[in-house]
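File shown: query-v8.pdb. Contents: PDB, C-alpha atoms.
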ATOM      1  CA  MET Y  27     128.207  95.360 108.243
ATOM      2  CA  SER Y  28     129.829  95.038 104.802
ATOM      3  CA  ASP Y  29     132.536  97.452 103.617
ATOM      4  CA  SER Y  30     130.829  97.691 100.196
ATOM      5  CA  ALA Y  31     128.667 100.642  99.185
ATOM      6  CA  PRO Y  32     125.342 100.820 101.072
ATOM      7  CA  GLN Y  33     122.354  99.362  99.258
ATOM      8  CA  ARG Y  34     118.819 100.752  99.459
ATOM      9  CA  VAL Y  35     117.184  97.375  98.750
ATOM     10  CA  GLN Y  36     118.272  94.463 100.912
ATOM     11  CA  ILE Y  37     117.859  90.924  99.595
ATOM     12  CA  ILE Y  38     116.643  88.877 102.563
ATOM     13  CA  ASP Y  39     115.530  85.346 101.729
ATOM     14  CA  GLY Y  40     111.906  84.926 102.790
ATOM     15  CA  ALA Y  41     111.330  88.675 103.239
ATOM     16  CA  PHE Y  42     110.188  91.278 100.725
ATOM     17  CA  ASN Y  43     110.173  95.039 100.204
ATOM     18  CA  PHE Y  44     113.062  95.247 102.684
ATOM     19  CA  ARG Y  45     114.727  98.657 102.341
ATOM     20  CA  ASP Y  46     117.307 100.779 104.137
ATOM     21  CA  LEU Y  47     116.148 104.314 104.952
ATOM     22  CA  GLY Y  48     119.712 105.594 105.057
ATOM     23  CA  GLY Y  49     121.329 108.082 102.715
ATOM     24  CA  TYR Y  50     118.531 110.628 102.391
ATOM     25  CA  ARG Y  51     119.595 114.239 103.019
ATOM     26  CA  ASN Y  52     117.565 116.704 105.043
ATOM     27  CA  LEU Y  53     117.016 120.395 104.486
ATOM     28  CA  GLN Y  54     120.215 121.194 106.416
ATOM     29  CA  GLY Y  55     122.312 118.807 104.336
ATOM     30  CA  GLN Y  56     122.610 116.130 107.022
ATOM     31  CA  GLN Y  57     122.293 112.494 105.955
ATOM     32  CA  VAL Y  58     120.237 109.678 107.435
ATOM     33  CA  CYS Y  59     122.639 106.997 108.707
ATOM     34  CA  TRP Y  60     122.893 103.909 106.528
ATOM     35  CA  GLY Y  61     122.287 100.545 108.156
ATOM     36  CA  ARG Y  62     120.312 101.838 111.129
ATOM     37  CA  VAL Y  63     116.632 101.820 110.124
ATOM     38  CA  PHE Y  64     114.918  99.388 107.742
ATOM     39  CA  ARG Y  65     111.340  99.140 106.462
ATOM     40  CA  SER Y  66     109.794  95.953 105.090
ATOM     41  CA  GLY Y  67     106.813  93.722 104.553
ATOM     42  CA  HIS Y  68     105.959  91.041 107.115
ATOM     43  CA  LEU Y  69     108.706  88.668 108.211
ATOM     44  CA  SER Y  70     106.838  85.398 108.624
ATOM     45  CA  GLY Y  71     108.580  83.709 105.700
ATOM     46  CA  ILE Y  72     112.181  84.210 106.811
ATOM     47  CA  THR Y  73     114.413  81.256 105.906
ATOM     48  CA  PRO Y  74     117.614  80.249 107.711
ATOM     49  CA  GLU Y  75     119.518  82.098 104.990
ATOM     50  CA  GLY Y  76     117.317  85.126 105.567
ATOM     51  CA  GLN Y  77     117.971  84.954 109.293
ATOM     52  CA  LEU Y  78     121.708  84.920 108.589
ATOM     53  CA  ALA Y  79     121.363  88.026 106.413
ATOM     54  CA  ILE Y  80     119.332  89.711 109.170
ATOM     55  CA  ASN Y  81     122.083  88.849 111.655
ATOM     56  CA  GLN Y  82     124.682  90.365 109.340
ATOM     57  CA  LEU Y  83     122.683  93.599 109.269
ATOM     58  CA  GLY Y  84     122.768  93.590 113.073
ATOM     59  CA  LEU Y  85     119.004  94.010 113.339
ATOM     60  CA  SER Y  86     118.221  94.332 117.047
ATOM     61  CA  HIS Y  87     114.698  95.802 117.314
ATOM     62  CA  ILE Y  88     111.506  95.131 115.325
ATOM     63  CA  HIS Y  89     108.372  97.311 115.404
ATOM     64  CA  ASP Y  90     105.327  95.422 114.107
ATOM     65  CA  PHE Y  91     102.351  97.629 113.197
ATOM     66  CA  ARG Y  92      99.933  94.804 112.382
ATOM     67  CA  ILE Y  93      96.766  94.018 114.292
ATOM     68  CA  GLY Y  94      96.335  90.863 116.350
ATOM     69  CA  HIS Y  95      94.876  88.442 113.801
ATOM     70  CA  GLU Y  96      97.587  89.368 111.277
ATOM     71  CA  GLN Y  97     100.315  88.746 113.836
ATOM     72  CA  LYS Y  98      98.760  85.415 114.760
ATOM     73  CA  ALA Y  99      98.299  84.233 111.175
ATOM     74  CA  TYR Y 100     101.748  85.408 110.035
ATOM     75  CA  PRO Y 101     104.054  85.371 113.081
ATOM     76  CA  THR Y 102     107.408  87.117 112.794
ATOM     77  CA  LEU Y 103     110.130  84.470 112.518
ATOM     78  CA  LEU Y 104     113.181  86.300 113.794
ATOM     79  CA  GLU Y 105     115.568  85.355 116.551
ATOM     80  CA  ASN Y 106     117.415  87.552 119.033
ATOM     81  CA  VAL Y 107     115.476  90.776 118.415
ATOM     82  CA  VAL Y 108     113.500  92.998 120.764
ATOM     83  CA  ARG Y 109     109.913  93.104 119.505
ATOM     84  CA  TYR Y 110     107.355  95.887 119.778
ATOM     85  CA  GLU Y 111     103.987  94.415 118.824
ATOM     86  CA  HIS Y 112     101.591  96.666 120.734
ATOM     87  CA  TYR Y 113     100.832  99.272 118.056
ATOM     88  CA  GLN Y 114      97.801  97.530 116.506
ATOM     89  CA  MET Y 115      97.441  99.923 113.565
ATOM     90  CA  ASP Y 116      94.134  99.402 111.781
ATOM     91  CA  PHE Y 117      94.107 100.891 108.298
ATOM     92  CA  ALA Y 118      91.647 100.601 105.384
ATOM     93  CA  SER Y 119      90.889  97.043 106.421
ATOM     94  CA  LEU Y 120      90.194  94.323 103.901
ATOM     95  CA  GLU Y 121      86.862  93.796 105.636
ATOM     96  CA  GLN Y 122      85.749  97.138 104.168
ATOM     97  CA  VAL Y 123      86.573  95.863 100.685
ATOM     98  CA  ILE Y 124      84.720  92.627 101.369
ATOM     99  CA  ASP Y 125      81.726  94.615 102.582
ATOM    100  CA  LEU Y 126      81.637  96.572  99.302
ATOM    101  CA  ALA Y 127      81.758  93.283  97.406
ATOM    102  CA  ARG Y 128      78.909  91.815  99.467
ATOM    103  CA  LYS Y 129      76.830  94.885  98.614
ATOM    104  CA  GLU Y 130      77.841  94.449  94.952
ATOM    105  CA  GLN Y 131      79.291  97.968  95.029
ATOM    106  CA  LEU Y 132      82.939  97.133  94.457
ATOM    107  CA  SER Y 133      84.792  98.911  91.672
ATOM    108  CA  ALA Y 134      88.338 100.108  91.089
ATOM    109  CA  GLN Y 135      87.142 103.645  91.802
ATOM    110  CA  ASP Y 136      85.597 102.546  95.106
ATOM    111  CA  ALA Y 137      88.763 100.688  96.114
ATOM    112  CA  TYR Y 138      90.873 103.737  95.267
ATOM    113  CA  LYS Y 139      88.630 106.019  97.325
ATOM    114  CA  LEU Y 140      88.783 103.591 100.245
ATOM    115  CA  MET Y 141      92.577 103.596 100.203
ATOM    116  CA  GLN Y 142      92.805 107.350  99.743
ATOM    117  CA  GLN Y 143      90.417 107.867 102.656
ATOM    118  CA  GLY Y 144      92.610 105.571 104.741
ATOM    119  CA  TYR Y 145      95.540 107.941 104.229
ATOM    120  CA  ILE Y 146      93.371 110.958 104.998
ATOM    121  CA  ASP Y 147      92.049 109.375 108.199
ATOM    122  CA  ALA Y 148      95.539 108.259 109.223
ATOM    123  CA  VAL Y 149      96.552 111.867 109.876
ATOM    124  CA  GLN Y 150      94.368 111.863 112.991
ATOM    125  CA  ASN Y 151      93.658 108.182 113.635
ATOM    126  CA  LEU Y 152      97.272 107.015 113.643
ATOM    127  CA  ALA Y 153      98.815 110.134 115.187
ATOM    128  CA  CYS Y 154      99.189 108.783 118.736
ATOM    129  CA  THR Y 155     100.599 105.485 117.474
ATOM    130  CA  LEU Y 156     103.058 107.206 115.137
ATOM    131  CA  GLY Y 157     104.115 109.475 117.983
ATOM    132  CA  ASP Y 158     104.686 106.446 120.208
ATOM    133  CA  PHE Y 159     106.793 104.794 117.491
ATOM    134  CA  LEU Y 160     108.982 107.854 117.001
ATOM    135  CA  LYS Y 161     109.445 108.333 120.738
ATOM    136  CA  GLN Y 162     110.602 104.724 120.950
ATOM    137  CA  LEU Y 163     113.160 105.463 118.233
ATOM    138  CA  SER Y 164     114.285 108.621 120.009
ATOM    139  CA  ARG Y 165     115.138 106.495 123.064
ATOM    140  CA  ALA Y 166     117.062 103.894 121.066
ATOM    141  CA  SER Y 167     120.766 103.521 121.667
ATOM    142  CA  LYS Y 168     123.259 104.582 119.014
ATOM    143  CA  GLU Y 169     124.046 100.903 118.459
ATOM    144  CA  ALA Y 170     120.434  99.834 117.837
ATOM    145  CA  VAL Y 171     119.526  98.644 114.335
ATOM    146  CA  ILE Y 172     115.786  98.986 113.865
ATOM    147  CA  GLY Y 173     113.244  97.450 111.513
ATOM    148  CA  PHE Y 174     109.546  98.159 111.160
ATOM    149  CA  HIS Y 175     106.831  96.562 109.084
ATOM    150  CA  CYS Y 176     103.142  95.827 108.555
ATOM    151  CA  MET Y 177     101.871  93.179 106.127
ATOM    152  CA  ALA Y 178     102.931  94.378 102.659
ATOM    153  CA  GLY Y 179     105.177  97.152 103.940
ATOM    154  CA  LYS Y 180     103.404  99.801 101.880
ATOM    155  CA  ASP Y 181     100.623 101.651 103.754
ATOM    156  CA  ARG Y 182     101.112 101.584 107.519
ATOM    157  CA  THR Y 183     104.830 101.145 106.972
ATOM    158  CA  GLY Y 184     104.818 103.872 104.311
ATOM    159  CA  ILE Y 185     103.124 106.347 106.634
ATOM    160  CA  ALA Y 186     105.490 105.442 109.497
ATOM    161  CA  ALA Y 187     108.505 105.884 107.190
ATOM    162  CA  ALA Y 188     107.123 109.239 106.044
ATOM    163  CA  SER Y 189     106.679 110.356 109.660
ATOM    164  CA  PHE Y 190     110.191 109.218 110.606
ATOM    165  CA  LEU Y 191     111.722 111.066 107.662
ATOM    166  CA  MET Y 192     109.607 114.151 108.393
ATOM    167  CA  ALA Y 193     110.950 114.170 111.950
ATOM    168  CA  LEU Y 194     114.469 114.189 110.467
ATOM    169  CA  ASP Y 195     113.489 117.157 108.255
ATOM    170  CA  ILE Y 196     113.780 115.266 104.968
ATOM    171  CA  PRO Y 197     112.130 117.128 102.036
ATOM    172  CA  GLU Y 198     108.623 116.018 101.122
ATOM    173  CA  GLU Y 199     109.573 115.127  97.554
ATOM    174  CA  THR Y 200     112.265 112.765  98.857
ATOM    175  CA  ILE Y 201     109.778 111.122 101.209
ATOM    176  CA  ILE Y 202     107.354 110.566  98.336
ATOM    177  CA  GLU Y 203     110.162 109.075  96.225
ATOM    178  CA  ASP Y 204     110.930 106.610  99.017
ATOM    179  CA  TYR Y 205     107.254 105.725  99.345
ATOM    180  CA  LEU Y 206     106.980 105.040  95.602
ATOM    181  CA  LEU Y 207     109.945 102.641  95.622
ATOM    182  CA  THR Y 208     107.425 100.092  96.873
ATOM    183  CA  GLN Y 209     106.017 100.046  93.342
ATOM    184  CA  GLN Y 210     109.349  98.658  92.128
ATOM    185  CA  HIS Y 211     110.060  96.237  94.947
ATOM    186  CA  LEU Y 212     106.725  94.650  95.796
ATOM    187  CA  ASP Y 213     105.188  91.694  93.956
ATOM    188  CA  HIS Y 214     101.833  93.341  93.337
ATOM    189  CA  ASP Y 215     100.445  90.448  91.313
ATOM    190  CA  HIS Y 216     101.130  88.032  94.165
ATOM    191  CA  ILE Y 217      99.379  90.354  96.625
ATOM    192  CA  LEU Y 218      96.513  90.841  94.176
ATOM    193  CA  ASP Y 219      96.098  87.074  93.849
ATOM    194  CA  PHE Y 220      95.979  86.745  97.642
ATOM    195  CA  VAL Y 221      93.449  89.582  98.095
ATOM    196  CA  TYR Y 222      91.268  88.407  95.207
ATOM    197  CA  GLU Y 223      90.998  84.857  96.560
ATOM    198  CA  LEU Y 224      90.298  86.116 100.065
ATOM    199  CA  VAL Y 225      87.559  88.506  98.944
ATOM    200  CA  ARG Y 226      86.072  85.926  96.593
ATOM    201  CA  SER Y 227      85.928  83.171  99.237
ATOM    202  CA  ASN Y 228      84.413  85.475 101.875
ATOM    203  CA  VAL Y 229      81.726  86.762  99.537
ATOM    204  CA  LEU Y 230      80.940  83.269  98.260
ATOM    205  CA  GLU Y 231      80.518  82.016 101.825
ATOM    206  CA  THR Y 232      78.201  84.915 102.700
ATOM    207  CA  LEU Y 233      76.113  85.247  99.535
ATOM    208  CA  GLY Y 234      76.405  81.799  98.011
ATOM    209  CA  HIS Y 235      77.654  83.331  94.784
ATOM    210  CA  VAL Y 236      80.338  85.765  93.618
ATOM    211  CA  PRO Y 237      78.993  89.033  92.180
ATOM    212  CA  SER Y 238      80.339  90.123  88.812
ATOM    213  CA  CYS Y 239      81.894  93.201  90.459
ATOM    214  CA  VAL Y 240      84.495  91.006  92.204
ATOM    215  CA  GLU Y 241      87.263  91.281  89.637
ATOM    216  CA  ARG Y 242      91.028  91.500  89.961
ATOM    217  CA  SER Y 243      91.006  94.888  88.256
ATOM    218  CA  ALA Y 244      88.595  96.257  90.891
ATOM    219  CA  LEU Y 245      90.961  95.186  93.668
ATOM    220  CA  ARG Y 246      94.210  96.475  92.183
ATOM    221  CA  PRO Y 247      94.052  99.936  93.859
ATOM    222  CA  TYR Y 248      94.009  98.171  97.221
ATOM    223  CA  CYS Y 249      97.289  96.417  96.388
ATOM    224  CA  VAL Y 250      99.514  99.267  95.179
ATOM    225  CA  ALA Y 251     101.357 102.277  96.559
ATOM    226  CA  ASP Y 252      99.922 105.244  94.672
ATOM    227  CA  GLU Y 253     101.326 108.769  94.702
ATOM    228  CA  GLY Y 254      97.806 110.111  95.226
ATOM    229  CA  TYR Y 255      97.562 108.198  98.509
ATOM    230  CA  ILE Y 256     100.643 109.670 100.173
ATOM    231  CA  GLU Y 257      99.899 113.109  98.744
ATOM    232  CA  SER Y 258      96.460 112.910 100.399
ATOM    233  CA  PHE Y 259      98.204 112.249 103.704
ATOM    234  CA  PHE Y 260     100.441 115.300 103.303
ATOM    235  CA  SER Y 261      97.693 117.632 102.063
ATOM    236  CA  THR Y 262      95.364 116.629 104.908
ATOM    237  CA  MET Y 263      98.167 117.095 107.435
ATOM    238  CA  LYS Y 264      98.796 120.642 106.171
ATOM    239  CA  LEU Y 265      95.088 121.435 106.037
ATOM    240  CA  GLU Y 266      94.429 120.265 109.600
ATOM    241  CA  PHE Y 267      97.682 121.355 111.279
ATOM    242  CA  GLY Y 268      99.079 124.076 109.046
ATOM    243  CA  SER Y 269     102.576 122.633 108.728
ATOM    244  CA  ARG Y 270     104.524 119.453 109.243
ATOM    245  CA  GLU Y 271     106.269 121.015 112.227
ATOM    246  CA  LYS Y 272     102.928 121.508 113.963
ATOM    247  CA  TYR Y 273     101.839 118.011 113.018
ATOM    248  CA  LEU Y 274     104.952 116.562 114.619
ATOM    249  CA  SER Y 275     104.436 118.581 117.804
ATOM    250  CA  GLU Y 276     100.642 118.861 118.138
ATOM    251  CA  GLY Y 277      99.522 115.746 116.268
ATOM    252  CA  LEU Y 278     102.248 113.260 117.127
ATOM    253  CA  GLY Y 279     103.072 114.839 120.476
ATOM    254  CA  LEU Y 280     106.809 115.057 119.864
ATOM    255  CA  ARG Y 281     108.607 117.508 122.118
ATOM    256  CA  PRO Y 282     111.666 119.467 120.959
ATOM    257  CA  ASP Y 283     113.923 117.107 122.917
ATOM    258  CA  ASP Y 284     112.307 114.085 121.193
ATOM    259  CA  LEU Y 285     113.098 115.583 117.782
ATOM    260  CA  CYS Y 286     116.584 116.559 118.887
ATOM    261  CA  GLN Y 287     117.306 113.038 120.112
ATOM    262  CA  LEU Y 288     115.920 111.465 116.927
ATOM    263  CA  ARG Y 289     118.206 113.643 114.850
ATOM    264  CA  GLN Y 290     121.204 112.919 117.027
ATOM    265  CA  ASN Y 291     120.468 109.184 116.786
ATOM    266  CA  PHE Y 292     119.931 108.880 113.037
ATOM    267  CA  LEU Y 293     121.624 111.787 111.248
ATOM    268  CA  ILE Y 294     125.237 112.452 110.364
ATOM    269  CA  ALA Y 295     126.805 115.610 108.965
TER     270      ALA Y 295
END

Would you give me this structure, written as structure tokens?
Amino acid sequence: MSDSAPQRVQIIDGAFNFRDLGGYRNLQGQQVCWGRVFRSGHLSGITPEGQLAINQLGLSHIHDFRIGHEQKAYPTLLENVVRYEHYQMDFASLEQVIDLARKEQLSAQDAYKLMQQGYIDAVQNLACTLGDFLKQLSRASKEAVIGFHCMAGKDRTGIAAASFLMALDIPEETIIEDYLLTQQHLDHDHILDFVYELVRSNVLETLGHVPSCVERSALRPYCVADEGYIESFFSTMKLEFGSREKYLSEGLGLRPDDLCQLRQNFLIA
């Protein structure tokens, strides 16, 4: 690790949206350890220089939330790390967007509602997986340096980061601020180009033509991190469980000793 001041955003050649979750303070004034937990987009483009930077961070464990075909198409190119690839988080899949386009019902409003519903559904649908992830972190050694990611590092990764920070008792407004940093550190136009071409080619293959509704502007809500999305997650969590404490215990299945160990592992005074 460098002796210089900790940096939230890490420049890793071939990676993107790679951020340290350290430095945030919880409601008791304790601080999340710098250099211990990182969130990012997928790691299939890592260059030798990027691998060197990863080695300098001491990254030892990677948790990959993607589903099978994503992992196969974009394999993680990292050496000497323990990988957890069993989560298989399915979230507001692109196939749902393609289906709207095939029905000629795609609009920016529809795409926004699809994403927002994904965050609402995640409260229940991803609870067991999020609980598994946090239990894995609670069992990590004090020397472990952990990364986690999905494809873009915004939705599944954003919800996992929110859950991790909740378990450390970080204020909700701080968690939302971290979530929204993705807006600054993700190349949304590049992602939009990728999604647009994928939707367009799938619809063209199915219908033989591309409906007028298939426009870049209609797909933009699918490609961003919006405050309304994460707020929908929090409001649904409170509505269905009453409080974040009950969500952590009843939804995610975290026992008091799990939470205690997480806080011992990743917080300093």

field: Atom-to-atom span, atom CA of Thr208 of chain Y and atom CA of Leu293 of chain Y, Å
entry: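 It comes out at 23.3 Å.
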
message: Which residues are near Lys180 of chain Y? Cut-off 10 Å, only C-alpha atoms, ignore same chain within fewer than 3 positions. Put them as JSON, numbers by chain.
response: {"Y": [43, 65, 66, 67, 175, 176, 177, 183, 184, 185, 186, 187, 205, 206, 207, 208, 209, 212, 249, 250, 251, 252]}

- request: Take atom CA of Asp204 of chain Y and atom CA of Arg270 of chain Y and report the distance between them in Å, one decimal.
  value: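 It comes out at 17.6 Å.
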
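Closest to Val240 of chain Y among Y:Leu53, Y:Ile38, Y:Leu224, Y:Cys286 is Y:Leu224, based on all atoms listed in the file.
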
query: How many Å separate atom CA of Lys264 of chain Y from atom CA of Gly144 of chain Y?
result: 16.4 Å

Explicit residues for the PyMOL selection byres ((chain Y and resi 86) around 7) (as a ChimeraX atom specification): /Y:84-85,87-88,107-108,170-172

- request: Determine the nearest neighbour of Lys272 of chain Y from the options Y:Ala188, Y:Ala295, Y:Leu245, Y:Ala193, counting all atoms listed in the file.
  value: Y:Ala193

Around all of segment 80-89 of chain Y's listed atoms, make the axis-aligned box with 8 Å on each side and tell me centre and edge lengths in Å to one decimal, as AutoDock Vina command-line options.
--center_x 116.5 --center_y 93.1 --center_z 113.2 --size_x 32.3 --size_y 24.5 --size_z 24.1

Extract segment 194-207 of chain Y from the preceding block and save N, CA and C atoms as an mmCIF file, in the first residue's frame.
data_model
loop_
_atom_site.group_PDB
_atom_site.id
_atom_site.type_symbol
_atom_site.label_atom_id
_atom_site.label_comp_id
_atom_site.auth_asym_id
_atom_site.auth_seq_id
_atom_site.Cartn_x
_atom_site.Cartn_y
_atom_site.Cartn_z
ATOM 1 N N LEU Y 194 -22.482 -1.836 8.414
ATOM 2 C CA LEU Y 194 -21.494 -1.106 9.218
ATOM 3 C C LEU Y 194 -22.088 0.135 9.870
ATOM 4 N N ASP Y 195 -23.403 0.323 9.706
ATOM 5 C CA ASP Y 195 -24.150 1.424 10.316
ATOM 6 C C ASP Y 195 -23.760 2.791 9.750
ATOM 7 N N ILE Y 196 -23.486 2.808 8.452
ATOM 8 C CA ILE Y 196 -23.201 4.074 7.760
ATOM 9 C C ILE Y 196 -24.528 4.781 7.469
ATOM 10 N N PRO Y 197 -24.621 6.097 7.646
ATOM 11 C CA PRO Y 197 -25.882 6.807 7.391
ATOM 12 C C PRO Y 197 -26.370 6.627 5.955
ATOM 13 N N GLU Y 198 -27.681 6.622 5.801
ATOM 14 C CA GLU Y 198 -28.282 6.403 4.486
ATOM 15 C C GLU Y 198 -27.838 7.454 3.478
ATOM 16 N N GLU Y 199 -27.744 8.713 3.897
ATOM 17 C CA GLU Y 199 -27.359 9.749 2.944
ATOM 18 C C GLU Y 199 -25.937 9.527 2.421
ATOM 19 N N THR Y 200 -25.065 8.999 3.255
ATOM 20 C CA THR Y 200 -23.700 8.690 2.826
ATOM 21 C C THR Y 200 -23.702 7.544 1.822
ATOM 22 N N ILE Y 201 -24.540 6.548 2.076
ATOM 23 C CA ILE Y 201 -24.637 5.406 1.164
ATOM 24 C C ILE Y 201 -25.131 5.858 -0.210
ATOM 25 N N ILE Y 202 -26.110 6.745 -0.219
ATOM 26 C CA ILE Y 202 -26.633 7.258 -1.485
ATOM 27 C C ILE Y 202 -25.558 8.070 -2.212
ATOM 28 N N GLU Y 203 -24.782 8.850 -1.467
ATOM 29 C CA GLU Y 203 -23.693 9.616 -2.084
ATOM 30 C C GLU Y 203 -22.687 8.679 -2.750
ATOM 31 N N ASP Y 204 -22.358 7.576 -2.075
ATOM 32 C CA ASP Y 204 -21.430 6.617 -2.675
ATOM 33 C C ASP Y 204 -22.032 6.007 -3.935
ATOM 34 N N TYR Y 205 -23.291 5.636 -3.870
ATOM 35 C CA TYR Y 205 -23.970 5.072 -5.033
ATOM 36 C C TYR Y 205 -23.903 6.029 -6.223
ATOM 37 N N LEU Y 206 -24.129 7.314 -5.982
ATOM 38 C CA LEU Y 206 -24.195 8.293 -7.064
ATOM 39 C C LEU Y 206 -22.825 8.660 -7.635
ATOM 40 N N LEU Y 207 -21.744 8.271 -6.968
ATOM 41 C CA LEU Y 207 -20.416 8.489 -7.544
ATOM 42 C C LEU Y 207 -20.253 7.763 -8.872
#
